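Structure file query_8.txt (compact mmCIF, N, CA and C atoms) follows.
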```txt
# COMPACT_ATOMS: atom_id res chain seq x y z
N MET A 1 124.75 86.57 83.15
CA MET A 1 125.22 87.75 82.48
C MET A 1 126.45 87.44 81.63
N GLN A 2 127.32 86.58 82.17
CA GLN A 2 128.53 86.20 81.45
C GLN A 2 128.18 85.52 80.12
N ALA A 3 127.12 84.73 80.13
CA ALA A 3 126.68 84.05 78.91
C ALA A 3 126.31 85.06 77.83
N ALA A 4 125.72 86.17 78.23
CA ALA A 4 125.37 87.22 77.26
C ALA A 4 126.63 87.81 76.63
N GLY A 5 127.64 88.06 77.44
CA GLY A 5 128.89 88.59 76.92
C GLY A 5 129.57 87.61 75.97
N LEU A 6 129.55 86.33 76.34
CA LEU A 6 130.13 85.32 75.46
C LEU A 6 129.32 85.18 74.17
N GLY A 7 128.02 85.30 74.28
CA GLY A 7 127.16 85.25 73.10
C GLY A 7 127.42 86.41 72.15
N ILE A 8 127.60 87.61 72.72
CA ILE A 8 127.93 88.77 71.90
C ILE A 8 129.26 88.56 71.20
N THR A 9 130.23 88.01 71.91
CA THR A 9 131.53 87.73 71.30
C THR A 9 131.39 86.74 70.16
N ALA A 10 130.63 85.68 70.38
CA ALA A 10 130.43 84.68 69.33
C ALA A 10 129.72 85.29 68.12
N LEU A 11 128.70 86.09 68.37
CA LEU A 11 127.96 86.74 67.29
C LEU A 11 128.86 87.69 66.51
N ALA A 12 129.63 88.50 67.22
CA ALA A 12 130.53 89.44 66.56
C ALA A 12 131.58 88.70 65.73
N GLY A 13 132.14 87.64 66.30
CA GLY A 13 133.15 86.87 65.57
C GLY A 13 132.58 86.22 64.32
N ALA A 14 131.40 85.62 64.46
CA ALA A 14 130.78 84.96 63.30
C ALA A 14 130.39 85.98 62.23
N ALA A 15 129.88 87.12 62.66
CA ALA A 15 129.47 88.15 61.69
C ALA A 15 130.67 88.71 60.94
N ILE A 16 131.75 88.99 61.64
CA ILE A 16 132.91 89.55 60.96
C ILE A 16 133.55 88.52 60.04
N ALA A 17 133.56 87.26 60.44
CA ALA A 17 134.09 86.21 59.56
C ALA A 17 133.22 86.07 58.31
N ALA A 18 131.91 86.12 58.48
CA ALA A 18 131.00 86.02 57.34
C ALA A 18 131.19 87.21 56.39
N LEU A 19 131.35 88.40 56.95
CA LEU A 19 131.62 89.56 56.09
C LEU A 19 132.95 89.40 55.37
N GLY A 20 133.92 88.85 56.06
CA GLY A 20 135.21 88.61 55.42
C GLY A 20 135.09 87.68 54.23
N VAL A 21 134.30 86.63 54.39
CA VAL A 21 134.08 85.71 53.26
C VAL A 21 133.41 86.45 52.11
N LEU A 22 132.43 87.29 52.43
CA LEU A 22 131.77 88.06 51.37
C LEU A 22 132.76 89.00 50.67
N TYR A 23 133.66 89.62 51.44
CA TYR A 23 134.67 90.48 50.81
C TYR A 23 135.61 89.68 49.92
N LEU A 24 135.79 88.41 50.21
CA LEU A 24 136.64 87.57 49.36
C LEU A 24 135.92 87.15 48.07
N VAL A 25 134.63 86.82 48.17
CA VAL A 25 133.93 86.27 47.01
C VAL A 25 133.11 87.31 46.23
N ARG A 26 132.59 88.33 46.90
CA ARG A 26 131.79 89.38 46.25
C ARG A 26 132.21 90.75 46.77
N PRO A 27 133.47 91.12 46.60
CA PRO A 27 134.00 92.31 47.26
C PRO A 27 133.28 93.61 46.91
N ARG A 28 132.95 93.82 45.66
CA ARG A 28 132.32 95.08 45.27
C ARG A 28 130.89 95.17 45.79
N MET A 29 130.19 94.06 45.80
CA MET A 29 128.82 94.05 46.29
C MET A 29 128.77 94.42 47.77
N VAL A 30 129.60 93.77 48.58
CA VAL A 30 129.56 94.03 50.02
C VAL A 30 130.16 95.40 50.35
N ALA A 31 131.14 95.86 49.58
CA ALA A 31 131.74 97.17 49.84
C ALA A 31 130.73 98.30 49.66
N ALA A 32 129.75 98.07 48.80
CA ALA A 32 128.73 99.10 48.57
C ALA A 32 127.92 99.39 49.84
N SER A 33 127.85 98.42 50.76
CA SER A 33 127.07 98.61 51.99
C SER A 33 127.90 99.19 53.13
N PHE A 34 129.19 99.40 52.91
CA PHE A 34 130.08 99.87 53.97
C PHE A 34 129.77 101.30 54.40
N GLY A 35 129.29 102.11 53.45
CA GLY A 35 128.91 103.48 53.76
C GLY A 35 129.78 104.54 53.12
N LEU A 36 130.86 104.15 52.47
CA LEU A 36 131.71 105.15 51.83
C LEU A 36 131.02 105.72 50.60
N PRO A 37 131.34 106.97 50.23
CA PRO A 37 130.61 107.63 49.14
C PRO A 37 130.89 107.04 47.75
N VAL A 38 132.06 106.44 47.54
CA VAL A 38 132.38 105.85 46.24
C VAL A 38 133.12 104.53 46.46
N LEU A 39 132.98 103.65 45.49
CA LEU A 39 133.73 102.39 45.50
C LEU A 39 135.05 102.59 44.78
N PRO A 40 136.07 101.83 45.15
CA PRO A 40 137.31 101.89 44.39
C PRO A 40 137.06 101.39 42.96
N HIS A 41 137.89 101.84 42.03
CA HIS A 41 137.78 101.38 40.65
C HIS A 41 137.97 99.87 40.61
N GLY A 42 137.49 99.25 39.55
CA GLY A 42 137.53 97.80 39.41
C GLY A 42 138.89 97.18 39.61
N GLU A 43 139.94 97.85 39.11
CA GLU A 43 141.28 97.29 39.25
C GLU A 43 141.78 97.35 40.69
N ALA A 44 141.09 98.06 41.57
CA ALA A 44 141.46 98.13 42.98
C ALA A 44 140.72 97.08 43.82
N THR A 45 139.91 96.23 43.18
CA THR A 45 139.15 95.20 43.90
C THR A 45 140.01 94.32 44.79
N PRO A 46 141.25 93.98 44.41
CA PRO A 46 142.06 93.18 45.33
C PRO A 46 142.26 93.84 46.70
N TRP A 47 142.22 95.17 46.77
CA TRP A 47 142.33 95.85 48.06
C TRP A 47 141.13 95.50 48.95
N LEU A 48 139.97 95.32 48.35
CA LEU A 48 138.79 94.91 49.12
C LEU A 48 138.95 93.48 49.63
N ARG A 49 139.57 92.64 48.83
CA ARG A 49 139.80 91.26 49.27
C ARG A 49 140.78 91.20 50.43
N ILE A 50 141.72 92.13 50.49
CA ILE A 50 142.63 92.19 51.63
C ILE A 50 141.83 92.40 52.91
N LYS A 51 140.82 93.26 52.85
CA LYS A 51 139.94 93.46 54.00
C LYS A 51 139.26 92.15 54.37
N GLY A 52 138.87 91.37 53.37
CA GLY A 52 138.24 90.09 53.62
C GLY A 52 139.14 89.14 54.39
N VAL A 53 140.40 89.08 53.99
CA VAL A 53 141.36 88.21 54.69
C VAL A 53 141.46 88.63 56.15
N ARG A 54 141.56 89.91 56.42
CA ARG A 54 141.68 90.39 57.79
C ARG A 54 140.41 90.14 58.60
N ASP A 55 139.26 90.31 57.98
CA ASP A 55 138.00 90.06 58.69
C ASP A 55 137.83 88.58 59.03
N VAL A 56 138.14 87.69 58.09
CA VAL A 56 138.05 86.27 58.37
C VAL A 56 138.99 85.92 59.52
N THR A 57 140.20 86.47 59.49
CA THR A 57 141.17 86.19 60.55
C THR A 57 140.68 86.69 61.90
N ALA A 58 140.10 87.89 61.94
CA ALA A 58 139.57 88.43 63.21
C ALA A 58 138.44 87.53 63.73
N GLY A 59 137.59 87.05 62.85
CA GLY A 59 136.52 86.15 63.27
C GLY A 59 137.05 84.84 63.83
N ILE A 60 138.08 84.31 63.18
CA ILE A 60 138.70 83.08 63.68
C ILE A 60 139.35 83.33 65.04
N ALA A 61 139.99 84.48 65.19
CA ALA A 61 140.62 84.82 66.47
C ALA A 61 139.58 84.86 67.59
N ALA A 62 138.40 85.40 67.29
CA ALA A 62 137.33 85.43 68.29
C ALA A 62 136.93 84.00 68.68
N GLY A 63 136.85 83.13 67.70
CA GLY A 63 136.52 81.74 67.98
C GLY A 63 137.57 81.06 68.85
N VAL A 64 138.83 81.31 68.54
CA VAL A 64 139.91 80.72 69.34
C VAL A 64 139.83 81.23 70.78
N LEU A 65 139.59 82.52 70.93
CA LEU A 65 139.45 83.08 72.29
C LEU A 65 138.32 82.40 73.04
N LEU A 66 137.18 82.22 72.37
CA LEU A 66 136.04 81.59 73.04
C LEU A 66 136.37 80.17 73.49
N LEU A 67 137.20 79.49 72.74
CA LEU A 67 137.55 78.11 73.09
C LEU A 67 138.67 78.02 74.13
N MET A 68 139.55 79.02 74.18
CA MET A 68 140.78 78.86 74.94
C MET A 68 140.98 79.84 76.10
N ALA A 69 140.33 80.96 76.09
CA ALA A 69 140.65 82.01 77.06
C ALA A 69 139.57 82.16 78.13
N PRO A 70 139.97 82.62 79.30
CA PRO A 70 138.97 82.93 80.33
C PRO A 70 138.14 84.16 79.93
N PRO A 71 136.94 84.26 80.46
CA PRO A 71 136.04 85.34 80.06
C PRO A 71 136.62 86.75 80.19
N ASP A 72 137.41 87.03 81.23
CA ASP A 72 137.93 88.39 81.37
C ASP A 72 138.92 88.72 80.25
N VAL A 73 139.71 87.74 79.83
CA VAL A 73 140.63 87.97 78.70
C VAL A 73 139.83 88.20 77.42
N ILE A 74 138.79 87.41 77.22
CA ILE A 74 137.92 87.59 76.06
C ILE A 74 137.34 89.01 76.08
N GLY A 75 136.92 89.47 77.24
CA GLY A 75 136.37 90.81 77.37
C GLY A 75 137.37 91.90 76.99
N TRP A 76 138.60 91.76 77.44
CA TRP A 76 139.61 92.77 77.11
C TRP A 76 139.94 92.77 75.62
N VAL A 77 140.01 91.59 75.03
CA VAL A 77 140.27 91.53 73.58
C VAL A 77 139.07 92.06 72.80
N LEU A 78 137.87 91.74 73.25
CA LEU A 78 136.67 92.28 72.60
C LEU A 78 136.67 93.81 72.69
N LEU A 79 137.09 94.33 73.83
CA LEU A 79 137.19 95.79 73.97
C LEU A 79 138.18 96.36 72.95
N ALA A 80 139.31 95.70 72.78
CA ALA A 80 140.29 96.16 71.79
C ALA A 80 139.71 96.07 70.38
N PHE A 81 139.01 94.97 70.08
CA PHE A 81 138.40 94.80 68.75
C PHE A 81 137.31 95.84 68.49
N THR A 82 136.77 96.45 69.53
CA THR A 82 135.76 97.48 69.36
C THR A 82 136.31 98.68 68.58
N LEU A 83 137.62 98.84 68.62
CA LEU A 83 138.24 99.93 67.87
C LEU A 83 138.02 99.78 66.36
N ILE A 84 137.82 98.57 65.88
CA ILE A 84 137.62 98.36 64.45
C ILE A 84 136.33 99.04 63.96
N PRO A 85 135.15 98.74 64.53
CA PRO A 85 133.96 99.45 64.03
C PRO A 85 133.96 100.94 64.37
N VAL A 86 134.60 101.33 65.47
CA VAL A 86 134.71 102.77 65.76
C VAL A 86 135.54 103.44 64.66
N GLY A 87 136.64 102.81 64.30
CA GLY A 87 137.48 103.34 63.22
C GLY A 87 136.74 103.36 61.90
N ASP A 88 135.99 102.29 61.61
CA ASP A 88 135.21 102.25 60.37
C ASP A 88 134.20 103.39 60.32
N ALA A 89 133.49 103.62 61.41
CA ALA A 89 132.52 104.72 61.46
C ALA A 89 133.20 106.06 61.27
N THR A 90 134.34 106.23 61.88
CA THR A 90 135.09 107.48 61.75
C THR A 90 135.52 107.72 60.31
N VAL A 91 136.00 106.68 59.66
CA VAL A 91 136.41 106.80 58.26
C VAL A 91 135.22 107.16 57.38
N VAL A 92 134.10 106.48 57.58
CA VAL A 92 132.91 106.76 56.77
C VAL A 92 132.46 108.21 56.97
N LEU A 93 132.39 108.66 58.21
CA LEU A 93 131.95 110.03 58.48
C LEU A 93 132.93 111.07 57.94
N SER A 94 134.22 110.80 58.10
CA SER A 94 135.21 111.78 57.62
C SER A 94 135.26 111.83 56.10
N ALA A 95 134.82 110.76 55.42
CA ALA A 95 134.77 110.75 53.96
C ALA A 95 133.43 111.27 53.44
N ARG A 96 132.59 111.74 54.35
CA ARG A 96 131.26 112.22 54.01
C ARG A 96 130.40 111.13 53.37
N GLY A 97 130.58 109.94 53.94
CA GLY A 97 129.79 108.80 53.49
C GLY A 97 128.42 108.80 54.15
N LYS A 98 127.77 107.67 54.09
CA LYS A 98 126.41 107.54 54.64
C LYS A 98 126.45 107.51 56.16
N ALA A 99 125.87 108.53 56.77
CA ALA A 99 125.80 108.58 58.23
C ALA A 99 124.99 107.41 58.77
N SER A 100 123.99 106.98 58.00
CA SER A 100 123.18 105.84 58.45
C SER A 100 124.02 104.58 58.57
N ALA A 101 124.97 104.40 57.68
CA ALA A 101 125.87 103.24 57.78
C ALA A 101 126.88 103.43 58.91
N ALA A 102 127.39 104.65 59.03
CA ALA A 102 128.38 104.92 60.08
C ALA A 102 127.79 104.65 61.46
N TRP A 103 126.61 105.18 61.71
CA TRP A 103 125.99 105.02 63.03
C TRP A 103 125.22 103.72 63.13
N GLY A 104 124.44 103.38 62.10
CA GLY A 104 123.56 102.21 62.16
C GLY A 104 124.28 100.88 62.07
N VAL A 105 125.31 100.81 61.26
CA VAL A 105 126.05 99.56 61.10
C VAL A 105 127.26 99.54 62.03
N HIS A 106 128.19 100.45 61.78
CA HIS A 106 129.44 100.45 62.52
C HIS A 106 129.26 100.89 63.97
N GLY A 107 128.47 101.93 64.19
CA GLY A 107 128.24 102.42 65.56
C GLY A 107 127.49 101.41 66.41
N THR A 108 126.47 100.79 65.84
CA THR A 108 125.72 99.77 66.57
C THR A 108 126.60 98.57 66.89
N THR A 109 127.44 98.18 65.93
CA THR A 109 128.36 97.07 66.17
C THR A 109 129.30 97.41 67.32
N ALA A 110 129.87 98.61 67.30
CA ALA A 110 130.79 99.03 68.36
C ALA A 110 130.08 99.04 69.72
N ALA A 111 128.87 99.55 69.76
CA ALA A 111 128.13 99.63 71.03
C ALA A 111 127.84 98.23 71.57
N LEU A 112 127.43 97.32 70.70
CA LEU A 112 127.14 95.95 71.13
C LEU A 112 128.41 95.27 71.65
N MET A 113 129.51 95.45 70.93
CA MET A 113 130.78 94.87 71.37
C MET A 113 131.23 95.46 72.69
N LEU A 114 131.02 96.76 72.87
CA LEU A 114 131.38 97.41 74.13
C LEU A 114 130.58 96.84 75.29
N VAL A 115 129.30 96.63 75.08
CA VAL A 115 128.47 96.03 76.13
C VAL A 115 128.99 94.64 76.46
N GLY A 116 129.28 93.83 75.44
CA GLY A 116 129.80 92.49 75.68
C GLY A 116 131.12 92.53 76.46
N ALA A 117 132.00 93.45 76.08
CA ALA A 117 133.30 93.57 76.76
C ALA A 117 133.10 93.96 78.22
N ILE A 118 132.24 94.92 78.48
CA ILE A 118 132.01 95.38 79.86
C ILE A 118 131.44 94.24 80.70
N VAL A 119 130.51 93.50 80.12
CA VAL A 119 129.92 92.38 80.86
C VAL A 119 130.98 91.34 81.20
N LEU A 120 131.83 91.01 80.23
CA LEU A 120 132.84 89.99 80.47
C LEU A 120 133.93 90.46 81.43
N ILE A 121 134.34 91.70 81.29
CA ILE A 121 135.37 92.23 82.20
C ILE A 121 134.81 92.34 83.62
N GLY A 122 133.57 92.77 83.72
CA GLY A 122 132.95 92.95 85.03
C GLY A 122 132.54 91.67 85.72
N SER A 123 132.47 90.57 84.96
CA SER A 123 132.03 89.31 85.56
C SER A 123 133.16 88.52 86.20
N SER A 124 134.38 89.03 86.09
CA SER A 124 135.50 88.27 86.64
C SER A 124 135.85 88.70 88.04
```
Starting from the file, lay out its structure as structure tokens.
Amino acid sequence: MQAAGLGITALAGAAIAALGVLYLVRPRMVAASFGLPVLPHGEATPWLRIKGVRDVTAGIAAGVLLLMAPPDVIGWVLLAFTLIPVGDATVVLSARGKASAAWGVHGTTAALMLVGAIVLIGSS
């Protein structure tokens, strides 16, 4: 069971890092899938790249945890990181964005991360 929690952590970390890279190299393209009703104007594109830097960093942090921390610590940090997709879904819904993205992308991500966190916290 612990392997499943660690696998979820690795998957979440790799996915968020990959999205971060996309926000750095193709920010407007990837932002269109986020679920918000409108994209920022072209001159605001650097704000999207800031998100990319943070996402890459979060993915790297997950990798460091997997290499250095015991499973219960990884679980607690994964639980804290779950606030990111929950917050993303909340922002999308409150902006009257795509509910399918809020629930299907961000909500599913949060649920998967929550399961991984519970498994890791409970396995210690």
**Complete:** Min atom-atom distance to Ala17 in chain A from the set A:Asp88, A:Glu43, A:Asp72, A:Asp55, counting only C-alpha atoms, belongs to A:Asp55
**Fill in**
Correct to one decimal, the distance atom N of Ile84 in chain A-atom N of Pro40 in chain A is 21.1 Å
**Request:** Return the single residue from A:Ala99, A:Leu36, A:Pro71, A:Leu83 that is closest to Gln2 in chain A, with distances computed using only N, CA and C atoms.
**Result:** A:Pro71
**Within 7 Å of Ile60 in chain A using all atoms listed in the file, minus same-chain residues under 6 positions, as a list in words** = Gly13, Ala14, Ile16 and Ala17 of chain A
**Request:** Pull the helix (DSSP H, G or I) assignments for range 20-73 of chain A out of DSSP run on the backbone, and list those residues as an NGL selection string.
**Result:** :A and (20-25 or 27-31 or 42-68 or 71-73)
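Separating CA of Val38 in chain A from CA of Lys51 in chain A is a distance of 16.5 Å.
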**Asked** Any idea what's packed within 8 Å of Ala89 in chain A, counting only N, CA and C atoms, ignoring anything in its chain fewer than 6 positions away? Could you give it as a ChimeraX atom specification?
**Response** /A:83,95,101-103,105-107
**Prompt:** Between atom C of His41 in chain A and CA of Pro27 in chain A, what is the spacing in Å?
**Reply:**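 About the pair CA of Pro27 in chain A and atom C of His41 in chain A: they are 10.8 Å apart.
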**Prompt:** Using only C-alpha atoms, can you list as a ChimeraX atom specification the residues within 10 Å of (133.5, 81.8, 78.7)?
**Reply:** /A:2-7,9,65-75,120
